[in-house]
Structure formats: C-alpha cells, structure tokens
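Okay, model-v6.txt now, which holds compact mmCIF, C-alpha atoms:
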```
# COMPACT_ATOMS: atom_id res chain seq x y z
CA MET A 1 26.35 0.34 12.94
CA ALA A 2 23.86 1.02 15.81
CA PRO A 3 20.38 -0.47 15.27
CA LEU A 4 18.69 2.94 15.08
CA ASN A 5 21.23 4.16 12.52
CA LEU A 6 20.64 1.01 10.53
CA ILE A 7 16.86 1.59 10.58
CA GLY A 8 17.48 5.19 9.54
CA ARG A 9 19.62 3.90 6.67
CA PHE A 10 16.81 1.56 5.57
CA LEU A 11 14.44 4.54 5.59
CA SER A 12 16.77 6.36 3.23
CA TYR A 13 16.15 3.63 0.64
CA LEU A 14 12.39 4.24 0.82
CA LEU A 15 12.49 8.02 0.42
CA ALA A 16 14.26 10.52 -1.83
CA GLU A 17 17.46 11.83 -0.20
CA ASP A 18 16.08 15.31 0.64
CA TYR A 19 12.84 13.82 2.02
CA TRP A 20 14.81 11.45 4.21
CA VAL A 21 16.97 14.30 5.55
CA SER A 22 13.83 16.32 6.39
CA LEU A 23 12.21 13.30 8.06
CA MET A 24 15.27 12.72 10.25
CA GLY A 25 15.27 16.46 11.05
CA ASP A 26 11.61 16.30 12.09
CA LEU A 27 12.32 13.29 14.30
CA SER A 28 15.19 15.16 15.98
CA GLU A 29 13.06 18.28 16.44
CA GLU A 30 10.19 16.31 17.95
CA ARG A 31 12.57 14.42 20.23
CA ALA A 32 14.07 17.72 21.45
CA ARG A 33 10.52 18.98 22.16
CA ARG A 34 9.70 15.81 24.08
CA VAL A 35 12.94 15.95 26.10
CA ALA A 36 11.77 19.33 27.43
CA ILE A 37 8.27 18.02 28.27
CA ASP A 38 8.65 14.30 29.17
CA GLY A 39 12.35 13.95 29.98
CA PRO A 40 15.16 12.23 28.07
CA HIS A 41 14.12 8.61 28.73
CA LEU A 42 10.58 8.93 27.44
CA ALA A 43 11.80 11.05 24.53
CA ALA A 44 14.39 8.43 23.59
CA SER A 45 11.77 5.70 23.84
CA TRP A 46 9.41 7.71 21.61
CA TYR A 47 12.22 8.25 19.11
CA ARG A 48 12.99 4.54 18.91
CA SER A 49 9.37 3.54 18.41
CA GLU A 50 8.69 6.36 15.94
CA ILE A 51 11.65 5.54 13.72
CA CYS A 52 10.55 1.86 13.64
CA ARG A 53 6.96 2.90 12.95
CA SER A 54 8.11 5.20 10.16
CA LEU A 55 10.15 2.43 8.55
CA ALA A 56 7.21 0.00 8.72
CA ALA A 57 4.74 2.56 7.35
CA ALA A 58 7.05 3.76 4.57
CA GLY A 59 7.82 0.17 3.58
CA ARG A 60 4.14 -0.77 3.49
CA LEU A 61 3.20 2.31 1.44
CA ARG A 62 6.07 1.78 -1.00
CA LEU A 63 5.10 -1.86 -1.43
CA ALA A 64 1.47 -0.88 -2.05
CA GLU A 65 2.56 1.78 -4.59
CA ALA A 66 4.77 -0.72 -6.42
CA ALA A 67 1.93 -3.23 -6.46
CA ARG A 68 -0.57 -0.67 -7.78
CA SER A 69 1.74 0.38 -10.58
CA ALA A 70 2.46 -3.20 -11.69
CA PRO A 71 -0.50 -5.59 -11.35
CA TRP A 72 1.07 -7.83 -13.99
CA SER A 73 4.17 -8.41 -11.89
CA ILE A 74 1.96 -9.45 -8.95
CA ALA A 75 -0.06 -11.77 -11.17
CA ILE A 76 3.14 -13.33 -12.54
CA CYS A 77 4.50 -13.81 -9.00
CA ALA A 78 1.17 -15.39 -8.01
CA TYR A 79 1.34 -17.67 -11.06
CA MET A 80 4.84 -18.76 -10.01
CA LEU A 81 3.46 -19.52 -6.54
CA VAL A 82 0.74 -21.63 -8.17
CA ALA A 83 3.49 -23.57 -9.97
CA VAL A 84 5.28 -24.10 -6.64
CA LEU A 85 1.97 -25.25 -5.13
CA GLU A 86 1.48 -27.73 -7.96
CA VAL A 87 4.95 -29.23 -7.56
CA THR A 88 4.48 -29.43 -3.77
CA MET A 89 1.08 -31.12 -4.17
CA ARG A 90 2.51 -33.68 -6.57
CA LEU A 91 5.40 -34.43 -4.21
CA LEU A 92 3.08 -34.81 -1.22
CA LEU A 93 0.51 -36.90 -3.09
CA SER A 94 3.17 -39.17 -4.62
CA ARG A 95 3.95 -40.43 -1.10
CA GLY A 96 0.43 -41.28 0.00
CA TRP A 97 -1.78 -41.34 -3.10
CA PRO A 98 0.28 -42.00 -6.24
CA GLU A 99 -2.70 -42.09 -8.63
CA ALA A 100 -3.69 -38.56 -7.69
CA ALA A 101 -0.11 -37.37 -8.15
CA GLN A 102 -0.16 -38.17 -11.89
CA PRO A 103 0.28 -35.11 -14.17
CA ALA A 104 -3.16 -35.67 -15.76
CA SER A 105 -5.04 -36.21 -12.50
CA ALA A 106 -8.26 -34.23 -12.10
CA LEU A 107 -8.31 -34.98 -8.36
CA ARG A 108 -4.99 -33.24 -7.81
CA ILE A 109 -6.23 -30.15 -9.62
CA VAL A 110 -9.39 -30.10 -7.49
CA GLY A 111 -7.21 -30.43 -4.38
CA GLU A 112 -5.24 -27.36 -5.45
CA LEU A 113 -8.35 -25.14 -5.44
CA PRO A 114 -8.01 -23.82 -1.84
CA GLY A 115 -4.30 -23.13 -2.34
CA ILE A 116 -4.88 -21.23 -5.60
CA ALA A 117 -7.74 -19.29 -3.99
CA LEU A 118 -5.43 -18.33 -1.11
CA ILE A 119 -2.67 -17.21 -3.49
CA SER A 120 -5.23 -15.22 -5.48
CA TYR A 121 -6.59 -13.67 -2.27
CA ILE A 122 -3.10 -12.56 -1.21
CA ALA A 123 -2.45 -11.14 -4.70
CA GLY A 124 -5.78 -9.30 -4.42
CA ARG A 125 -4.67 -7.68 -1.18
CA PHE A 126 -1.86 -6.01 -3.16
CA ASP A 127 -3.84 -5.12 -6.26
CA ARG A 128 -7.49 -5.80 -7.01
CA ARG A 129 -6.70 -6.52 -10.68
CA ALA A 130 -4.03 -9.13 -9.96
CA PRO A 131 -6.38 -12.09 -9.20
CA LEU A 132 -8.30 -11.58 -12.43
CA LEU A 133 -5.05 -11.36 -14.38
CA LEU A 134 -3.95 -14.54 -12.64
CA GLY A 135 -7.22 -16.25 -13.60
CA ALA A 136 -6.85 -15.11 -17.22
CA MET A 137 -3.25 -16.36 -17.35
CA MET A 138 -4.29 -19.74 -15.94
CA LEU A 139 -7.17 -20.05 -18.38
CA LEU A 140 -4.90 -19.15 -21.31
CA ALA A 141 -2.29 -21.67 -20.16
CA ALA A 142 -4.95 -24.38 -19.70
CA ILE A 143 -6.44 -23.75 -23.17
CA SER A 144 -2.97 -23.78 -24.76
CA ILE A 145 -1.91 -26.99 -23.02
CA THR A 146 -5.15 -28.89 -23.68
CA THR A 147 -5.27 -27.90 -27.34
CA LEU A 148 -1.57 -28.18 -28.20
CA SER A 149 -0.59 -31.22 -26.14
CA THR A 150 -0.39 -34.57 -27.94
CA GLU A 151 -0.74 -36.54 -24.70
CA ALA A 152 -4.03 -38.29 -23.96
CA MET A 153 -6.14 -36.46 -21.39
CA SER A 154 -9.34 -37.61 -19.74
CA ALA A 155 -12.46 -35.46 -20.01
CA PRO A 156 -12.63 -34.86 -16.21
CA PHE A 157 -9.01 -33.67 -16.29
CA ILE A 158 -9.66 -31.24 -19.15
CA VAL A 159 -12.77 -29.85 -17.42
CA ALA A 160 -10.93 -29.51 -14.09
CA PHE A 161 -7.86 -28.00 -15.78
CA LEU A 162 -9.95 -25.41 -17.62
CA THR A 163 -12.19 -24.44 -14.71
CA ILE A 164 -10.51 -25.00 -11.32
CA GLY A 165 -7.62 -22.54 -11.71
CA PRO A 166 -9.66 -19.61 -13.09
CA CYS A 167 -12.52 -20.29 -10.64
CA ALA A 168 -10.10 -20.40 -7.69
CA ALA A 169 -8.58 -17.12 -8.86
CA VAL A 170 -12.04 -15.52 -9.05
CA LEU A 171 -12.88 -16.92 -5.60
CA GLY A 172 -9.70 -15.32 -4.22
CA ALA A 173 -10.66 -12.03 -5.91
CA LEU A 174 -14.13 -12.15 -4.33
CA LEU A 175 -12.70 -12.91 -0.89
CA SER A 176 -10.20 -10.09 -1.09
CA ARG A 177 -12.95 -7.73 -2.32
CA ALA A 178 -15.20 -8.79 0.57
CA ARG A 179 -12.36 -8.16 3.01
CA ARG A 180 -11.77 -4.69 1.51
CA THR A 181 -15.48 -3.86 1.69
CA ALA A 182 -15.69 -5.01 5.32
CA ALA A 183 -12.66 -2.89 6.20
CA MET B 1 -5.50 7.50 -14.83
CA THR B 2 -4.29 10.62 -13.02
CA GLU B 3 -6.09 12.98 -10.66
CA ARG B 4 -6.60 15.32 -13.61
CA ASP B 5 -8.79 12.63 -15.13
CA GLY B 6 -11.12 12.72 -12.16
CA THR B 7 -9.79 10.08 -9.75
CA LEU B 8 -10.52 10.96 -6.14
CA LEU B 9 -7.75 11.44 -3.61
CA GLY B 10 -6.87 8.71 -1.14
CA THR B 11 -7.68 9.39 2.52
CA LEU B 12 -4.07 10.11 3.46
CA GLU B 13 -3.52 12.36 0.47
CA HIS B 14 -6.73 14.21 1.24
CA LEU B 15 -5.86 14.74 4.92
CA ILE B 16 -2.34 15.87 4.15
CA LEU B 17 -3.41 18.29 1.42
CA LEU B 18 -6.02 19.79 3.77
CA ALA B 19 -3.37 20.16 6.48
CA VAL B 20 -1.00 21.86 4.01
CA LEU B 21 -3.83 24.23 3.06
CA ALA B 22 -4.66 24.96 6.71
CA LEU B 23 -1.04 25.57 7.72
CA GLY B 24 -0.25 28.00 4.88
CA THR B 25 3.43 28.94 4.89
CA ASP B 26 4.30 26.80 7.93
CA ALA B 27 3.52 23.40 6.42
CA TYR B 28 6.34 20.91 7.00
CA GLY B 29 6.41 17.32 8.25
CA MET B 30 6.06 18.01 11.96
CA THR B 31 3.37 20.68 11.75
CA ILE B 32 1.38 18.60 9.24
CA ARG B 33 1.54 15.61 11.60
CA ASP B 34 0.50 17.76 14.60
CA GLU B 35 -2.34 19.39 12.66
CA ILE B 36 -3.81 16.03 11.61
CA HIS B 37 -3.37 14.61 15.10
CA SER B 38 -5.01 17.55 16.86
CA ARG B 39 -7.94 17.75 14.42
CA THR B 40 -8.67 14.08 13.77
CA GLY B 41 -6.88 12.11 16.50
CA ARG B 42 -4.97 10.12 13.87
CA ASP B 43 -1.39 9.58 14.95
CA LEU B 44 0.39 9.23 11.61
CA SER B 45 4.05 8.29 11.56
CA PHE B 46 6.57 10.61 9.91
CA GLY B 47 7.27 7.82 7.42
CA THR B 48 3.62 7.81 6.32
CA ILE B 49 3.59 11.58 5.96
CA TYR B 50 6.80 11.84 3.97
CA VAL B 51 6.02 8.96 1.59
CA THR B 52 2.63 10.57 0.90
CA LEU B 53 4.15 14.04 0.46
CA GLN B 54 6.73 12.66 -1.95
CA ARG B 55 3.94 11.04 -3.96
CA LEU B 56 1.92 14.27 -3.95
CA GLU B 57 4.94 16.23 -5.16
CA ALA B 58 5.50 13.68 -7.95
CA LYS B 59 1.85 14.15 -8.96
CA GLY B 60 2.34 17.92 -9.02
CA MET B 61 -0.10 18.60 -6.18
CA VAL B 62 2.42 20.18 -3.84
CA THR B 63 5.69 21.98 -4.30
CA ALA B 64 8.52 21.93 -1.77
CA SER B 65 11.13 24.44 -0.69
CA MET B 66 13.93 24.13 1.83
CA GLY B 67 14.21 26.26 4.97
CA ALA B 68 17.33 27.01 6.97
CA PRO B 69 19.04 24.22 9.00
CA THR B 70 18.49 24.49 12.77
CA PRO B 71 20.45 23.00 15.71
CA GLU B 72 17.44 21.23 17.30
CA ARG B 73 17.02 19.36 14.00
CA GLY B 74 20.62 18.16 14.09
CA GLY B 75 21.60 20.75 11.50
CA ARG B 76 19.00 19.54 9.03
CA ALA B 77 16.75 21.91 7.10
CA LYS B 78 12.94 21.92 7.14
CA ARG B 79 11.15 21.08 3.92
CA PHE B 80 8.14 23.36 3.50
CA PHE B 81 5.21 22.36 1.32
CA LYS B 82 2.77 24.45 -0.65
CA ILE B 83 -0.31 23.25 -2.48
CA THR B 84 -0.48 23.78 -6.26
CA ALA B 85 -3.49 24.62 -8.44
CA ASP B 86 -3.74 20.91 -9.36
CA GLY B 87 -3.73 20.03 -5.68
CA ARG B 88 -6.49 22.53 -4.91
CA ARG B 89 -8.59 21.15 -7.75
CA ALA B 90 -8.10 17.58 -6.50
CA VAL B 91 -9.12 18.58 -2.96
CA ARG B 92 -12.20 20.39 -4.24
CA ARG B 93 -13.20 17.42 -6.39
CA SER B 94 -12.88 15.02 -3.46
CA GLN B 95 -14.72 17.39 -1.10
CA ASP B 96 -17.53 17.79 -3.64
CA ALA B 97 -17.83 14.03 -4.05
CA PHE B 98 -18.00 13.48 -0.30
CA GLU B 99 -20.54 16.26 0.14
CA ALA B 100 -22.71 14.89 -2.66
CA MET B 101 -22.64 11.41 -1.15
CA THR B 102 -23.33 12.77 2.33
CA ALA B 103 -26.34 14.63 0.94
CA ALA B 104 -27.55 11.40 -0.67
CA TRP B 105 -27.21 9.64 2.68
CA ARG B 106 -29.11 12.44 4.45
CA ASP B 107 -31.90 12.22 1.86
CA ALA B 108 -32.14 8.48 2.34
CA ARG B 109 -32.27 8.92 6.13
CA ALA B 110 -34.96 11.58 5.84
CA LYS B 111 -37.11 9.29 3.68
CA SER B 112 -36.80 6.28 6.01
```
Would you give me this structure, written as structure tokens?
Amino acid sequence: MAPLNLIGRFLSYLLAEDYWVSLMGDLSEERARRVAIDGPHLAASWYRSEICRSLAAAGRLRLAEAARSAPWSIAICAYMLVAVLEVTMRLLLSRGWPEAAQPASALRIVGELPGIALISYIAGRFDRRAPLLLGAMMLLAAISITTLSTEAMSAPFIVAFLTIGPCAAVLGALLSRARRTAA
Amino acid sequence: MTERDGTLLGTLEHLILLAVLALGTDAYGMTIRDEIHSRTGRDLSFGTIYVTLQRLEAKGMVTASMGAPTPERGGRAKRFFKITADGRRAVRRSQDAFEAMTAAWRDARAKS
C-alpha cells in the first residue's frame, strides 16, 4: 500500500466512515483547486503535507478526547508507571547503594520524588484531574500498606511513604497547571 | 457536564460554529476551513475540522446532510453542516461570557 494511502487508512480509524469520506473529498477538491493555481507539483506537495497534518491533528484531538473522558484510566496508567519507576530505582540502587535499595528505605522513596512528579506532570497534560487522582491512589495505597503490613517499618520510611508520593503528584499537578496557564 | 449545563465552548468549537453560522447553506469542510483562515489567519488542518465537527454533531450542536458526489472530489460527496438550536445557544453563551469579561477588562483599564 502506498504511504499516502496508508496514512489515509489511519485517518479512517480516527473518524466516522462518512466523515472520513468527506475529508478525503475535501482534500481532493482542494488539491484540484491548487493544481489550477500553483501547478501539479506544489499541489501534490500540499496534499502530502496536509494529509500528514490531518492525521497528526486528528490523532492528537482523539487522544485528548479519550483522556478527558477517562481521567481514571490516565491515573491508573500513571500509577503503573510509578510502579515501573520504583522497580527501576531498586534495580539501579542495588548495584551502587544496596542499603537504599531495600524495600523499606526512606531514601529510595525520596529519590523517586522527581520521577513521580514528572509522571504526574505528564498525566496532567492529558487531564488536569489525573495527577490528583494519582496522588489519592498513592496515599490510599500507602495508608493501606503501612496499616495492614506486619513487617517492621521505620518512622522515616512511614513518613516518606505517606507523603512523598502524594506530594510529588501534587507538584506534578501544579507544574502542569502552570504550563497550561502560561500557554 | 454538557454544554446545556453551562460549560463554555472550546476555541475550536467556537470558531467552527461561527463559521457554520456565517456560511449558511454552504458550510462544509473546505469552506469552513477557508472562512476561518481568511478571517483569523488560522490554518487549521482538515483533520482538526472534521474531528471537531464530528464531536459537535455528537453533542447535537450541528446536523449534517450529504450533497451530491462531484468528479473533482474523486466522486465523493460533500457533507454540509447546519447549526442547531443547542449550537446557537452555546455560541451565544460563549459570546456573552467573552463580552462580559472583555467589559471587565475595559473597566479595569479605564480605572488604572
């Protein structure tokens, strides 16, 4: 399949069938108009760039719509990323600083703050509610683990566990809000 | 919350609804794009316009009808759009909000 046809096919997944047909019709009509004014080469070049631009714009808008309609799914994805971050941090620390890599290490949790804030910031770019949901989920998880676990935990670990995650999520929310306001 | 509950339109939705209103019976993707470009200088892609129009139709702010297929469109039909009463109300609400805030800004400027 030619690249342009492939891009057109991708567009059809982002729009209802009749909308996609009309969009492709509009592109053809505009290209025919440009052939008469600018010549076939410039018209073909415009067509190529416009179909790519349309795919990018439709994809971005669809993604934003999906994110707006499901802040929970974004928060859950962000929470999964936080879990990946935690595993990565433990792996990295176990090589150079084994004490900090322990499951009940407050230092490791403090070290995760920038990463969690970044994840929260990215989630906030999709939906402004997602970082706060992420923070609430982390707080709930931290309360559940600290109260239900039978393992011994140090006071610094409990404090860090209860505060770092939710605070990092709020920091990410504030950063994403500041970015939105500046824009 | 839906637009009926008082939420304001997004910028794209607002621009596109105004273009549909301005174009009357000749509002379809290409003319809407040209109208916005000539009036505001914003060069929206067809993808942006059609995703927004599909959303507006789902919200009941525009209705669509198909025209006849034409050769210059590769045998594809035009999809004409018409604003609904809900769409008009949403535009008016957004316009009123902008005008009220602009008046507030003018008042503040006059005082300073």
Where does chain B meet chain A within 12 Å, residue by residue, with the nearest atom pair and distance in Å to one decimal for each, counting all atoms listed in the file, listed by chain and rising number, as CSV?
```
residue,atom,partner,partner_atom,distance
B:Met1,CA,A:Ser69,CA,11.0
B:Leu12,CA,A:Leu61,CA,10.9
B:Tyr28,CA,A:Asp26,CA,8.7
B:Gly29,CA,A:Asp26,CA,6.5
B:Met30,CA,A:Asp26,CA,5.8
B:Thr31,CA,A:Asp26,CA,9.3
B:Ile32,CA,A:Asp26,CA,10.9
B:Arg33,CA,A:Asp26,CA,10.1
B:Asp34,CA,A:Glu30,CA,10.4
B:Asp43,CA,A:Glu50,CA,10.6
B:Leu44,CA,A:Ser54,CA,8.8
B:Ser45,CA,A:Ser54,CA,5.3
B:Phe46,CA,A:Ser54,CA,5.6
B:Gly47,CA,A:Ser54,CA,3.9
B:Thr48,CA,A:Ala57,CA,5.5
B:Ile49,CA,A:Ala58,CA,8.7
B:Tyr50,CA,A:Tyr19,CA,6.6
B:Val51,CA,A:Ala58,CA,6.1
B:Thr52,CA,A:Leu61,CA,8.3
B:Leu53,CA,A:Tyr19,CA,8.8
B:Gln54,CA,A:Tyr19,CA,7.4
B:Arg55,CA,A:Glu65,CA,9.4
B:Glu57,CA,A:Tyr19,CA,10.9
B:Ala58,CA,A:Ala16,CA,11.1
B:Ala64,CA,A:Tyr19,CA,9.9
B:Ser65,CA,A:Asp18,CA,10.5
B:Met66,CA,A:Ser22,CA,9.0
B:Gly67,CA,A:Ser22,CA,10.0
B:Ala68,CA,A:Ser22,CA,11.3
B:Pro69,CA,A:Gly25,CA,8.9
B:Thr70,CA,A:Gly25,CA,8.8
B:Pro71,CA,A:Glu29,CA,8.8
B:Glu72,CA,A:Glu29,CA,5.4
B:Arg73,CA,A:Gly25,CA,4.5
B:Gly74,CA,A:Gly25,CA,6.4
B:Gly75,CA,A:Gly25,CA,7.7
B:Arg76,CA,A:Gly25,CA,5.2
B:Ala77,CA,A:Ser22,CA,6.3
B:Lys78,CA,A:Ser22,CA,5.7
B:Arg79,CA,A:Ser22,CA,6.0
B:Phe80,CA,A:Ser22,CA,9.5
B:Phe81,CA,A:Tyr19,CA,11.5
```
* Asked: Within 12 Å of (-13.5, -5.0, -1.5), in the coordinates the file gives, what residues turn up when you count all atoms listed in the file, written out as JSON, numbers by chain?
  -> {"A": [121, 124, 125, 126, 127, 128, 129, 172, 173, 174, 175, 176, 177, 178, 179, 180, 181, 182, 183]}
Write the residues of the selection above to a file with C-alpha atoms, as a PDB file, in the frame of the given file.
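And here's again12.pdb as it stands now:
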```pdb
ATOM      1  CA  TYR A 121      -6.590 -13.670  -2.270  1.00  0.00           C
ATOM      2  CA  GLY A 124      -5.780  -9.300  -4.420  1.00  0.00           C
ATOM      3  CA  ARG A 125      -4.670  -7.680  -1.180  1.00  0.00           C
ATOM      4  CA  PHE A 126      -1.860  -6.010  -3.160  1.00  0.00           C
ATOM      5  CA  ASP A 127      -3.840  -5.120  -6.260  1.00  0.00           C
ATOM      6  CA  ARG A 128      -7.490  -5.800  -7.010  1.00  0.00           C
ATOM      7  CA  ARG A 129      -6.700  -6.520 -10.680  1.00  0.00           C
ATOM      8  CA  GLY A 172      -9.700 -15.320  -4.220  1.00  0.00           C
ATOM      9  CA  ALA A 173     -10.660 -12.030  -5.910  1.00  0.00           C
ATOM     10  CA  LEU A 174     -14.130 -12.150  -4.330  1.00  0.00           C
ATOM     11  CA  LEU A 175     -12.700 -12.910  -0.890  1.00  0.00           C
ATOM     12  CA  SER A 176     -10.200 -10.090  -1.090  1.00  0.00           C
ATOM     13  CA  ARG A 177     -12.950  -7.730  -2.320  1.00  0.00           C
ATOM     14  CA  ALA A 178     -15.200  -8.790   0.570  1.00  0.00           C
ATOM     15  CA  ARG A 179     -12.360  -8.160   3.010  1.00  0.00           C
ATOM     16  CA  ARG A 180     -11.770  -4.690   1.510  1.00  0.00           C
ATOM     17  CA  THR A 181     -15.480  -3.860   1.690  1.00  0.00           C
ATOM     18  CA  ALA A 182     -15.690  -5.010   5.320  1.00  0.00           C
ATOM     19  CA  ALA A 183     -12.660  -2.890   6.200  1.00  0.00           C
TER      20      ALA A 183
END
```
* Structure fact -> The distance between atom CA of A:Val82 and atom CA of A:Ser149 is 20.4 Å
* Please indicate the distance in Å from atom CA of A:Ile119 to atom CA of A:Ala169, rounded to one decimal place. =>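 Result for atom CA of A:Ile119 versus atom CA of A:Ala169: 8.0 Å, one decimal.
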* Residue nearest A:Ile143 - candidates A:Pro156, A:Pro40, A:Pro166, A:Pro131, atoms counted: all atoms listed in the file -> A:Pro166
* By how many Å are atom CA of A:Trp46 and atom CA of A:Leu6 apart? ->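 Rounded to one decimal, the two atoms are 17.1 Å apart.
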* Which of these, B:Arg106, B:Lys111, B:Arg39, B:Lys82, has the shortest distance to B:Asp26 once you count all atoms listed in the file? ->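 Nearest candidate to B:Asp26 out of B:Arg106, B:Lys111, B:Arg39, B:Lys82: B:Lys82.
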12 Å contact set for B:Val91, only C-alpha atoms, chain neighbours under 2 positions out, as a PDB file with C-alpha atoms, keeping the file's coordinate frame:
```pdb
ATOM      1  CA  GLU B   3      -6.090  12.980 -10.660  1.00  0.00           C
ATOM      2  CA  ARG B   4      -6.600  15.320 -13.610  1.00  0.00           C
ATOM      3  CA  GLY B   6     -11.120  12.720 -12.160  1.00  0.00           C
ATOM      4  CA  THR B   7      -9.790  10.080  -9.750  1.00  0.00           C
ATOM      5  CA  LEU B   8     -10.520  10.960  -6.140  1.00  0.00           C
ATOM      6  CA  LEU B   9      -7.750  11.440  -3.610  1.00  0.00           C
ATOM      7  CA  GLY B  10      -6.870   8.710  -1.140  1.00  0.00           C
ATOM      8  CA  THR B  11      -7.680   9.390   2.520  1.00  0.00           C
ATOM      9  CA  LEU B  12      -4.070  10.110   3.460  1.00  0.00           C
ATOM     10  CA  GLU B  13      -3.520  12.360   0.470  1.00  0.00           C
ATOM     11  CA  HIS B  14      -6.730  14.210   1.240  1.00  0.00           C
ATOM     12  CA  LEU B  15      -5.860  14.740   4.920  1.00  0.00           C
ATOM     13  CA  ILE B  16      -2.340  15.870   4.150  1.00  0.00           C
ATOM     14  CA  LEU B  17      -3.410  18.290   1.420  1.00  0.00           C
ATOM     15  CA  LEU B  18      -6.020  19.790   3.770  1.00  0.00           C
ATOM     16  CA  ALA B  19      -3.370  20.160   6.480  1.00  0.00           C
ATOM     17  CA  VAL B  20      -1.000  21.860   4.010  1.00  0.00           C
ATOM     18  CA  LEU B  21      -3.830  24.230   3.060  1.00  0.00           C
ATOM     19  CA  LEU B  56       1.920  14.270  -3.950  1.00  0.00           C
ATOM     20  CA  MET B  61      -0.100  18.600  -6.180  1.00  0.00           C
ATOM     21  CA  VAL B  62       2.420  20.180  -3.840  1.00  0.00           C
ATOM     22  CA  ILE B  83      -0.310  23.250  -2.480  1.00  0.00           C
ATOM     23  CA  THR B  84      -0.480  23.780  -6.260  1.00  0.00           C
ATOM     24  CA  ALA B  85      -3.490  24.620  -8.440  1.00  0.00           C
ATOM     25  CA  ASP B  86      -3.740  20.910  -9.360  1.00  0.00           C
ATOM     26  CA  GLY B  87      -3.730  20.030  -5.680  1.00  0.00           C
ATOM     27  CA  ARG B  88      -6.490  22.530  -4.910  1.00  0.00           C
ATOM     28  CA  ARG B  89      -8.590  21.150  -7.750  1.00  0.00           C
ATOM     29  CA  ARG B  93     -13.200  17.420  -6.390  1.00  0.00           C
ATOM     30  CA  SER B  94     -12.880  15.020  -3.460  1.00  0.00           C
ATOM     31  CA  GLN B  95     -14.720  17.390  -1.100  1.00  0.00           C
ATOM     32  CA  ASP B  96     -17.530  17.790  -3.640  1.00  0.00           C
ATOM     33  CA  ALA B  97     -17.830  14.030  -4.050  1.00  0.00           C
ATOM     34  CA  PHE B  98     -18.000  13.480  -0.300  1.00  0.00           C
TER      35      PHE B  98
END
```
Using the structure just given, write a file holding all heavy atoms for stretch 85-91 of chain B, as an mmCIF file, in the first residue's frame.
```
data_model
loop_
_atom_site.group_PDB
_atom_site.id
_atom_site.type_symbol
_atom_site.label_atom_id
_atom_site.label_comp_id
_atom_site.auth_asym_id
_atom_site.auth_seq_id
_atom_site.Cartn_x
_atom_site.Cartn_y
_atom_site.Cartn_z
ATOM 1 N N ALA B 85 -30.437 24.514 17.338
ATOM 2 C CA ALA B 85 -30.813 25.487 18.381
ATOM 3 C C ALA B 85 -29.844 25.377 19.571
ATOM 4 O O ALA B 85 -29.426 26.392 20.137
ATOM 5 C CB ALA B 85 -32.247 25.229 18.834
ATOM 6 N N ASP B 86 -29.449 24.146 19.919
ATOM 7 C CA ASP B 86 -28.474 23.950 21.008
ATOM 8 C C ASP B 86 -27.146 24.614 20.661
ATOM 9 O O ASP B 86 -26.496 25.213 21.525
ATOM 10 C CB ASP B 86 -28.226 22.452 21.247
ATOM 11 C CG ASP B 86 -29.208 21.867 22.242
ATOM 12 O OD1 ASP B 86 -30.025 22.644 22.774
ATOM 13 O OD2 ASP B 86 -29.157 20.646 22.471
ATOM 14 N N GLY B 87 -26.749 24.478 19.420
ATOM 15 C CA GLY B 87 -25.496 25.081 18.964
ATOM 16 C C GLY B 87 -25.550 26.595 19.049
ATOM 17 O O GLY B 87 -24.600 27.239 19.506
ATOM 18 N N ARG B 88 -26.673 27.162 18.619
ATOM 19 C CA ARG B 88 -26.829 28.634 18.693
ATOM 20 C C ARG B 88 -26.755 29.110 20.148
ATOM 21 O O ARG B 88 -26.127 30.110 20.455
ATOM 22 C CB ARG B 88 -28.185 29.056 18.099
ATOM 23 C CG ARG B 88 -28.205 29.114 16.614
ATOM 24 C CD ARG B 88 -29.595 29.475 16.110
ATOM 25 N NE ARG B 88 -29.685 29.193 14.693
ATOM 26 C CZ ARG B 88 -29.295 30.023 13.753
ATOM 27 N NH1 ARG B 88 -28.790 31.189 14.073
ATOM 28 N NH2 ARG B 88 -29.392 29.691 12.475
ATOM 29 N N ARG B 89 -27.435 28.360 21.028
ATOM 30 C CA ARG B 89 -27.423 28.742 22.447
ATOM 31 C C ARG B 89 -26.002 28.698 23.007
ATOM 32 O O ARG B 89 -25.582 29.597 23.736
ATOM 33 C CB ARG B 89 -28.320 27.794 23.254
ATOM 34 C CG ARG B 89 -29.759 28.298 23.392
ATOM 35 C CD ARG B 89 -30.502 27.515 24.475
ATOM 36 N NE ARG B 89 -30.691 26.114 24.111
ATOM 37 C CZ ARG B 89 -31.689 25.676 23.369
ATOM 38 N NH1 ARG B 89 -32.595 26.512 22.893
ATOM 39 N NH2 ARG B 89 -31.808 24.397 23.070
ATOM 40 N N ALA B 90 -25.261 27.651 22.618
ATOM 41 C CA ALA B 90 -23.882 27.504 23.134
ATOM 42 C C ALA B 90 -23.009 28.652 22.631
ATOM 43 O O ALA B 90 -22.196 29.199 23.380
ATOM 44 C CB ALA B 90 -23.303 26.161 22.700
ATOM 45 N N VAL B 91 -23.190 29.028 21.355
ATOM 46 C CA VAL B 91 -22.405 30.142 20.801
ATOM 47 C C VAL B 91 -22.750 31.427 21.547
ATOM 48 O O VAL B 91 -21.856 32.182 21.950
ATOM 49 C CB VAL B 91 -22.684 30.319 19.283
ATOM 50 C CG1 VAL B 91 -22.109 31.639 18.776
ATOM 51 C CG2 VAL B 91 -22.081 29.165 18.505
#
```
